[in-house]
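As structure tokens, the structure follows; a few thoughts come after it.
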Amino acid sequence: MALFDDLRNLWKARTLREDEWATVVTFLQGVLHRNHFERLSATQCAAIRAIVDAYVAGGGVRDSDIQNVTRMLRRVRLDPYEPLAVAEP
């Protein structure tokens, strides 16, 4: 649950970082909101951790990094765009 809180707080500070960084935070919030922690596989958890380490807590995020994050999530069967599509009318 701490990760949810951390991502929520980071989202509030999104104006301090580049737009691509905010996109990564949004992707993580979405996939975690749509999937129960208890049901995530070890591989999915490892991918989420790698994304947090490399892109959320790391240096600047570029447009090409969004593609890397998308690939990493999809490789472990987490679709970063699914929560956004569900939210559309």
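Each chain in the structure tokens gets a letter, A, B and so on, in the order shown; residues start at 1 in every chain, and ligands are counted from 1 in the order they appear.
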Please list as a list of chain:residue names every residue within 8 Å of region 49-65 of chain A, counting only C-alpha atoms and excluding residues in the same chain fewer than 5 positions away.
A:Glu18, A:Glu20, A:Trp21, A:Val24, A:Val25
Need the shell around Leu28 (chain A): protein/DNA/RNA residues with any atom at most 12 Å away, counting only C-alpha atoms. Skip same-chain ones fewer than 5 positions apart. Format as a PDB file with C-alpha atoms, in the first residue's frame?
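around.pdb, written as the output of this step:
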```pdb
ATOM      1  CA  LEU A   3       3.666   2.173  -3.214  1.00  0.00           C
ATOM      2  CA  PHE A   4       0.126   3.435  -3.913  1.00  0.00           C
ATOM      3  CA  ASP A   6       4.084   7.105  -2.919  1.00  0.00           C
ATOM      4  CA  LEU A   7       2.762   7.163  -6.480  1.00  0.00           C
ATOM      5  CA  ARG A   8      -0.145   9.383  -5.431  1.00  0.00           C
ATOM      6  CA  LEU A  10       4.567  11.764  -6.777  1.00  0.00           C
ATOM      7  CA  TRP A  11       1.610  12.486  -9.050  1.00  0.00           C
ATOM      8  CA  TRP A  21       7.987  11.073 -16.076  1.00  0.00           C
ATOM      9  CA  ALA A  22       4.364  11.849 -15.213  1.00  0.00           C
ATOM     10  CA  THR A  23       3.283   9.391 -17.915  1.00  0.00           C
ATOM     11  CA  HIS A  33      -5.158  -0.007  -9.634  1.00  0.00           C
ATOM     12  CA  ARG A  34      -6.463  -2.623 -12.100  1.00  0.00           C
ATOM     13  CA  ASN A  35      -4.536  -5.550 -10.578  1.00  0.00           C
ATOM     14  CA  GLN A  44       5.287  -8.650 -12.801  1.00  0.00           C
ATOM     15  CA  CYS A  45       6.522  -7.352  -9.444  1.00  0.00           C
ATOM     16  CA  ALA A  47       9.103  -5.397 -13.807  1.00  0.00           C
ATOM     17  CA  ILE A  48       7.298  -2.806 -11.693  1.00  0.00           C
ATOM     18  CA  ARG A  49      10.289  -2.510  -9.403  1.00  0.00           C
ATOM     19  CA  ALA A  50      12.663  -2.128 -12.363  1.00  0.00           C
ATOM     20  CA  ILE A  51      10.474   0.652 -13.779  1.00  0.00           C
ATOM     21  CA  VAL A  52      10.348   2.461 -10.444  1.00  0.00           C
ATOM     22  CA  TYR A  55      12.392   5.730 -14.509  1.00  0.00           C
ATOM     23  CA  VAL A  56      10.519   7.019 -11.477  1.00  0.00           C
ATOM     24  CA  ILE A  66       7.885   5.650 -22.496  1.00  0.00           C
ATOM     25  CA  VAL A  69       8.201   1.149 -20.068  1.00  0.00           C
ATOM     26  CA  THR A  70       5.282   0.135 -22.279  1.00  0.00           C
ATOM     27  CA  MET A  72       8.352  -3.892 -20.135  1.00  0.00           C
ATOM     28  CA  LEU A  73       4.791  -3.859 -18.819  1.00  0.00           C
ATOM     29  CA  LEU A  78       0.274  -5.611 -17.837  1.00  0.00           C
ATOM     30  CA  ASP A  79      -1.211  -3.174 -20.340  1.00  0.00           C
ATOM     31  CA  PRO A  80      -0.444   0.432 -19.365  1.00  0.00           C
ATOM     32  CA  TYR A  81      -3.143   1.761 -21.700  1.00  0.00           C
ATOM     33  CA  GLU A  82      -5.980  -0.493 -20.521  1.00  0.00           C
ATOM     34  CA  PRO A  83      -6.948   1.648 -17.500  1.00  0.00           C
ATOM     35  CA  LEU A  84      -7.006   4.729 -19.726  1.00  0.00           C
TER      36      LEU A  84
END
```
*asked:* DSSP on the backbone, helix (DSSP H, G or I) only: what residues of chain A does that give? Format it as number ranges by chain.
replied: A: 2-12, 14-16, 19-34, 37-39, 42-56, 63-75, 82-87
A straight line from CA of Ala46 (chain A) to CA of Arg75 (chain A) spans 11.7 Å
